[in-house]
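S.K.: Here you go, upload.txt (compact mmCIF, C-alpha atoms and all ligand atoms):
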# COMPACT_ATOMS: atom_id res chain seq x y z
CA MET A 1 0.00 0.00 0.00
CA ASN A 2 1.44 3.41 -0.84
CA ASP A 3 0.99 6.48 1.40
CA GLN A 4 -2.04 7.73 -0.51
CA GLU A 5 -3.81 4.38 -0.23
CA ILE A 6 -3.06 4.22 3.45
CA SER A 7 -4.44 7.71 3.99
CA ARG A 8 -7.56 6.92 1.91
CA SER A 9 -8.19 3.71 3.79
CA PHE A 10 -7.63 5.58 7.04
CA SER A 11 -10.23 8.22 6.18
CA ASN A 12 -12.76 5.54 5.18
CA HIS A 13 -11.97 3.91 8.45
CA LYS A 14 -12.61 7.20 10.25
CA GLU A 15 -16.05 7.50 8.67
CA LYS A 16 -16.91 4.07 10.05
CA ILE A 17 -15.47 4.92 13.42
CA ARG A 18 -17.94 7.73 13.81
CA CYS A 19 -20.83 5.25 13.75
CA ASN A 20 -19.47 3.40 16.75
CA GLY A 21 -18.52 4.77 20.14
CA ASN A 22 -19.64 8.22 21.32
CA LEU A 23 -17.21 11.02 21.87
CA PHE A 24 -18.08 13.26 24.81
CA ILE A 25 -16.29 16.58 25.30
CA ILE A 26 -16.31 18.31 28.66
CA SER A 27 -15.05 21.87 29.11
CA ALA A 28 -15.25 24.18 32.09
CA PRO A 29 -13.47 27.10 33.66
CA SER A 30 -11.00 26.14 36.34
CA GLY A 31 -12.76 25.64 39.69
CA ALA A 32 -16.13 24.73 38.16
CA GLY A 33 -15.80 21.13 39.37
CA LYS A 34 -15.01 19.46 36.06
CA THR A 35 -12.45 17.01 37.45
CA THR A 36 -14.82 15.87 40.22
CA LEU A 37 -17.65 15.43 37.72
CA CYS A 38 -15.50 13.47 35.27
CA ARG A 39 -14.26 11.21 38.06
CA ALA A 40 -17.81 10.61 39.23
CA VAL A 41 -18.75 9.39 35.77
CA LEU A 42 -15.65 7.32 35.18
CA ASP A 43 -15.48 5.73 38.60
CA ASP A 44 -18.58 3.66 38.41
CA PRO A 45 -21.95 4.36 36.87
CA ILE A 46 -20.95 4.32 33.22
CA PRO A 47 -19.23 1.10 32.18
CA ASP A 48 -16.84 1.00 29.20
CA MET A 49 -16.31 4.75 29.16
CA LEU A 50 -12.67 5.58 28.62
CA TYR A 51 -10.94 8.80 29.56
CA SER A 52 -8.54 10.28 27.05
CA VAL A 53 -5.38 11.12 28.97
CA SER A 54 -4.03 14.30 27.38
CA TYR A 55 -0.40 15.03 26.61
CA THR A 56 1.11 18.20 27.98
CA THR A 57 4.39 20.07 28.13
CA ARG A 58 3.56 21.56 31.52
CA LYS A 59 5.39 20.24 34.54
CA PRO A 60 3.51 17.75 36.76
CA ARG A 61 1.85 19.25 39.84
CA LYS A 62 2.25 17.62 43.20
CA GLY A 63 0.57 14.20 43.20
CA GLU A 64 0.05 14.07 39.42
CA GLN A 65 1.12 10.85 37.76
CA ASN A 66 2.42 10.32 34.26
CA GLY A 67 -0.05 8.28 32.21
CA ILE A 68 -2.90 8.89 34.66
CA ASP A 69 -3.36 12.65 34.93
CA TYR A 70 -1.42 13.49 31.78
CA TYR A 71 1.41 12.18 29.67
CA PHE A 72 4.13 14.70 30.44
CA ILE A 73 6.31 15.23 27.38
CA THR A 74 8.89 17.76 26.17
CA GLU A 75 8.08 20.68 23.89
CA ASN A 76 10.30 19.11 21.24
CA ASP A 77 8.37 15.85 21.32
CA PHE A 78 5.07 17.77 21.25
CA LYS A 79 6.10 19.79 18.19
CA ASN A 80 7.29 16.66 16.35
CA ARG A 81 3.88 15.14 16.91
CA ILE A 82 2.29 18.28 15.44
CA LYS A 83 4.47 17.83 12.34
CA ASN A 84 3.52 14.17 12.10
CA GLY A 85 -0.22 14.91 12.40
CA GLN A 86 -0.58 12.84 15.56
CA TRP A 87 -2.97 15.15 17.39
CA ALA A 88 -6.76 15.01 17.06
CA GLU A 89 -6.56 18.50 18.54
CA TRP A 90 -3.99 20.56 20.34
CA ALA A 91 -3.80 23.98 21.95
CA GLU A 92 -1.56 26.29 23.87
CA VAL A 93 -3.06 27.09 27.28
CA TYR A 94 -1.29 29.46 29.71
CA GLY A 95 2.02 28.99 27.86
CA ASN A 96 1.95 25.17 27.80
CA TYR A 97 0.93 22.81 25.03
CA TYR A 98 -1.88 20.27 25.46
CA GLY A 99 -2.95 17.65 22.95
CA THR A 100 -5.18 14.64 22.39
CA SER A 101 -3.89 11.57 20.56
CA SER A 102 -5.73 10.81 17.31
CA GLU A 103 -4.69 7.21 17.41
CA PHE A 104 -6.13 6.63 20.86
CA ILE A 105 -9.48 8.24 20.06
CA ASP A 106 -9.87 6.39 16.78
CA LYS A 107 -9.01 3.03 18.31
CA VAL A 108 -11.46 3.47 21.19
CA LEU A 109 -14.31 4.65 18.96
CA ALA A 110 -13.64 1.81 16.50
CA SER A 111 -13.88 -0.68 19.34
CA GLY A 112 -17.39 0.65 20.03
CA ARG A 113 -16.52 2.17 23.35
CA ASP A 114 -17.25 5.72 24.42
CA ILE A 115 -14.63 8.27 25.25
CA LEU A 116 -14.53 11.35 27.46
CA LEU A 117 -12.29 14.30 26.58
CA ASP A 118 -11.53 17.04 29.08
CA ILE A 119 -10.31 19.84 26.82
CA ASP A 120 -10.64 23.59 26.43
CA PHE A 121 -12.67 25.58 23.91
CA GLN A 122 -9.87 25.79 21.31
CA GLY A 123 -9.61 21.99 21.31
CA THR A 124 -13.39 21.58 21.23
CA LEU A 125 -13.62 23.50 17.95
CA GLN A 126 -10.99 21.25 16.37
CA ILE A 127 -12.80 18.11 17.53
CA PHE A 128 -16.11 19.46 16.13
CA ASP A 129 -14.38 19.79 12.78
CA GLN A 130 -13.37 16.16 12.59
CA TYR A 131 -15.87 14.31 14.74
CA HIS A 132 -19.12 15.93 13.73
CA ASP A 133 -21.31 13.92 16.04
CA SER A 134 -19.32 14.54 19.20
CA ILE A 135 -21.40 15.53 22.22
CA SER A 136 -20.17 18.65 23.96
CA ILE A 137 -20.94 19.63 27.53
CA PHE A 138 -19.96 22.85 29.28
CA ILE A 139 -19.81 22.95 33.08
CA MET A 140 -20.61 26.32 34.64
CA PRO A 141 -20.15 27.56 38.17
CA PRO A 142 -23.38 29.12 39.55
CA SER A 143 -21.73 32.56 39.41
CA LEU A 144 -18.32 34.21 39.20
CA ASP A 145 -18.58 35.18 42.88
CA ILE A 146 -19.11 31.57 43.90
CA LEU A 147 -16.25 30.49 41.62
CA LYS A 148 -14.01 33.00 43.37
CA LEU A 149 -15.04 31.68 46.79
CA ARG A 150 -14.35 28.09 45.66
CA LEU A 151 -10.92 28.97 44.31
CA GLU A 152 -10.08 30.85 47.53
CA SER A 153 -11.22 27.99 49.73
CA ARG A 154 -9.08 25.49 47.76
CA GLY A 155 -6.14 27.45 49.11
CA THR A 156 -3.85 26.34 46.27
CA ASP A 157 -3.51 29.62 44.37
CA SER A 158 -2.28 33.11 45.19
CA LYS A 159 -4.65 36.11 44.96
CA GLN A 160 -3.02 37.06 41.68
CA ILE A 161 -3.53 33.61 40.12
CA ILE A 162 -7.13 33.52 41.36
CA SER A 163 -7.88 36.82 39.70
CA ARG A 164 -6.25 35.53 36.46
CA ARG A 165 -8.41 32.40 36.64
CA ILE A 166 -11.55 34.50 37.20
CA ASP A 167 -10.76 36.63 34.15
CA ALA A 168 -10.15 33.48 32.10
CA ALA A 169 -13.39 31.93 33.41
CA GLU A 170 -15.37 34.99 32.36
CA LYS A 171 -13.98 34.67 28.82
CA GLU A 172 -14.52 30.90 28.64
CA MET A 173 -18.11 31.21 29.84
CA LYS A 174 -18.88 33.42 26.85
CA ASN A 175 -18.37 30.32 24.67
CA LYS A 176 -20.90 28.20 26.51
CA ASN A 177 -23.48 28.47 23.72
CA PHE A 178 -21.21 26.57 21.34
CA TYR A 179 -21.76 23.50 23.48
CA ARG A 180 -24.72 21.19 23.10
CA TYR A 181 -25.36 21.01 26.85
CA VAL A 182 -24.66 23.34 29.74
CA ILE A 183 -24.66 22.00 33.28
CA ILE A 184 -24.63 24.43 36.19
CA ASN A 185 -22.63 22.91 38.99
CA ASP A 186 -24.45 24.41 41.95
CA LYS A 187 -25.18 21.26 43.93
CA LEU A 188 -22.63 18.57 43.06
CA SER A 189 -24.99 15.57 43.35
CA VAL A 190 -27.49 17.24 40.97
CA ALA A 191 -24.73 18.11 38.48
CA ILE A 192 -23.47 14.50 38.56
CA ASP A 193 -26.99 13.20 37.89
CA ASP A 194 -27.39 15.67 35.02
CA LEU A 195 -24.12 14.56 33.46
CA ILE A 196 -24.95 10.87 33.83
CA SER A 197 -28.38 11.32 32.29
CA ILE A 198 -26.94 13.14 29.26
CA ILE A 199 -24.38 10.39 28.73
CA GLU A 200 -26.90 7.58 29.21
CA LYS A 201 -29.26 9.13 26.69
CA TYR A 202 -26.66 8.62 23.95
CA ARG A 203 -25.47 5.26 25.13
CA THR A 204 -28.92 3.74 25.05
CA GLY A 205 -29.59 5.20 21.60
CA ARG A 206 -32.55 7.21 22.82
CA ASN A 207 -31.10 10.45 21.57
CA THR A 208 -33.39 12.50 19.39
CA ASP A 209 -31.23 15.62 19.19
CA ILE A 210 -30.21 16.89 15.81
CA VAL A 211 -26.45 16.84 15.43
CA LYS A 212 -25.14 20.37 14.94
P1 LIG A 301 -4.47 22.09 33.76
O1 LIG A 301 -3.07 22.40 33.37
O2 LIG A 301 -4.98 23.00 34.84
O3 LIG A 301 -4.65 20.62 34.08
O4 LIG A 301 -5.38 22.36 32.48
C1 LIG A 301 -5.46 23.63 31.92
C2 LIG A 301 -6.48 23.64 30.80
O5 LIG A 301 -6.07 22.83 29.72
C3 LIG A 301 -7.88 23.13 31.19
O6 LIG A 301 -8.83 24.07 30.71
C4 LIG A 301 -8.02 21.83 30.45
O7 LIG A 301 -9.37 21.55 30.05
C5 LIG A 301 -7.18 22.10 29.23
N1 LIG A 301 -6.71 20.85 28.64
C6 LIG A 301 -6.28 19.74 29.25
N2 LIG A 301 -5.95 18.80 28.37
C7 LIG A 301 -6.19 19.33 27.15
C8 LIG A 301 -6.05 18.84 25.81
O8 LIG A 301 -5.64 17.71 25.53
N3 LIG A 301 -6.40 19.70 24.81
C9 LIG A 301 -6.87 20.95 25.05
N4 LIG A 301 -7.21 21.69 24.01
N5 LIG A 301 -7.01 21.44 26.29
C10 LIG A 301 -6.67 20.64 27.32
Give the structure from the file, written as structure tokens.
Ligand code: 5GP
M.R.:
Amino acid sequence: MNDQEISRSFSNHKEKIRCNGNLFIISAPSGAGKTTLCRAVLDDPIPDMLYSVSYTTRKPRKGEQNGIDYYFITENDFKNRIKNGQWAEWAEVYGNYYGTSSEFIDKVLASGRDILLDIDFQGTLQIFDQYHDSISIFIMPPSLDILKLRLESRGTDSKQIISRRIDAAEKEMKNKNFYRYVIINDKLSVAIDDLISIIEKYRTGRNTDIVK
């Protein structure tokens, strides 16, 4: 098979892939509870849902593990993978690169399993471009004031970083209407139920929404 044939067979393959597993995208401003919500879904109630571990050039934070929280790679490695077309999407966020492996997503979807991506808005637009039937969900804090309180009570960031995160949150929240679903994370247990019911709707084939 020459390169052209491989690429043609790969794109046919991709068309088929889209009929199989579901691709769920979750985005949220920092502090909106996205990690807790994703864990709640992955830990138990939804079987066969895989999480796409992103690649990043940022340094690991305390307690983060390679291959679980992220794959931590060098900027050189990241840029080579851009050249080789290995990312389904990638973005620069706060001066670091983040990317999602095409190969991983395609393999999981082809195997009929669902996949959850935790990515930002820039990445979401790229995924929309290639995986037209992906299901996007935006998690919102109840208000910016509550977000600020939550970030302060976490006690992990300085005042300056918190105010940067609040500014970023305000900008990110302006994009919420690009997402198919918006969940307001006011009471955690309600937000978890909302997320599970959205996911289950697609998994049981009861979805009647028109794909954007
Ligand atoms: P953090 O460094 O705090 O874990 O993540 C910073 C931001 O990068 C978050 O908004 C997160 O959703 C986003 N992010 C994490 N992984 C990816 C990825 O693979 N692609 C994109 N586009 N954004 C990502």
S.K.: Considering only C-alpha atoms, can you say which of A:Pro29, A:Gly99, A:Gly123, A:Pro141 comes closest to A:Tyr55?
M.R.: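 Answer, going by the shortest atom-to-atom distance: A:Gly99.
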S.K.: Fewer than 4 positions away in the same chain doesn't count, so skip those; otherwise give me all residues within 12 Å of A:Lys62, counting all atoms listed in the file, as a PyMOL selection string.
M.R.: chain A and resi 66+69+156
S.K.: Taking only C-alpha atoms and all ligand atoms into account, report as an NGL selection string which residues have an atom no farther than 7 Å from an atom of ligand LIG 301 (chain A).
M.R.: :A and (27-30 or 54-55 or 58 or 89-91 or 93 or 98-100 or 118-124)
S.K.: Go through A:Tyr97, A:Phe24, A:Phe104, A:Phe78 and flag the residue nearest A:Met49, using only C-alpha atoms for the distances.
M.R.: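 Among the listed residues, the smallest separation from A:Met49 belongs to A:Phe24.
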S.K.: Could you check which of A:Thr57, A:Ser143, A:Gln86, A:Ser197 is closest to A:Ile184, using all atoms listed in the file?
M.R.: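 Under the stated criterion, the closest residue is A:Ser143.
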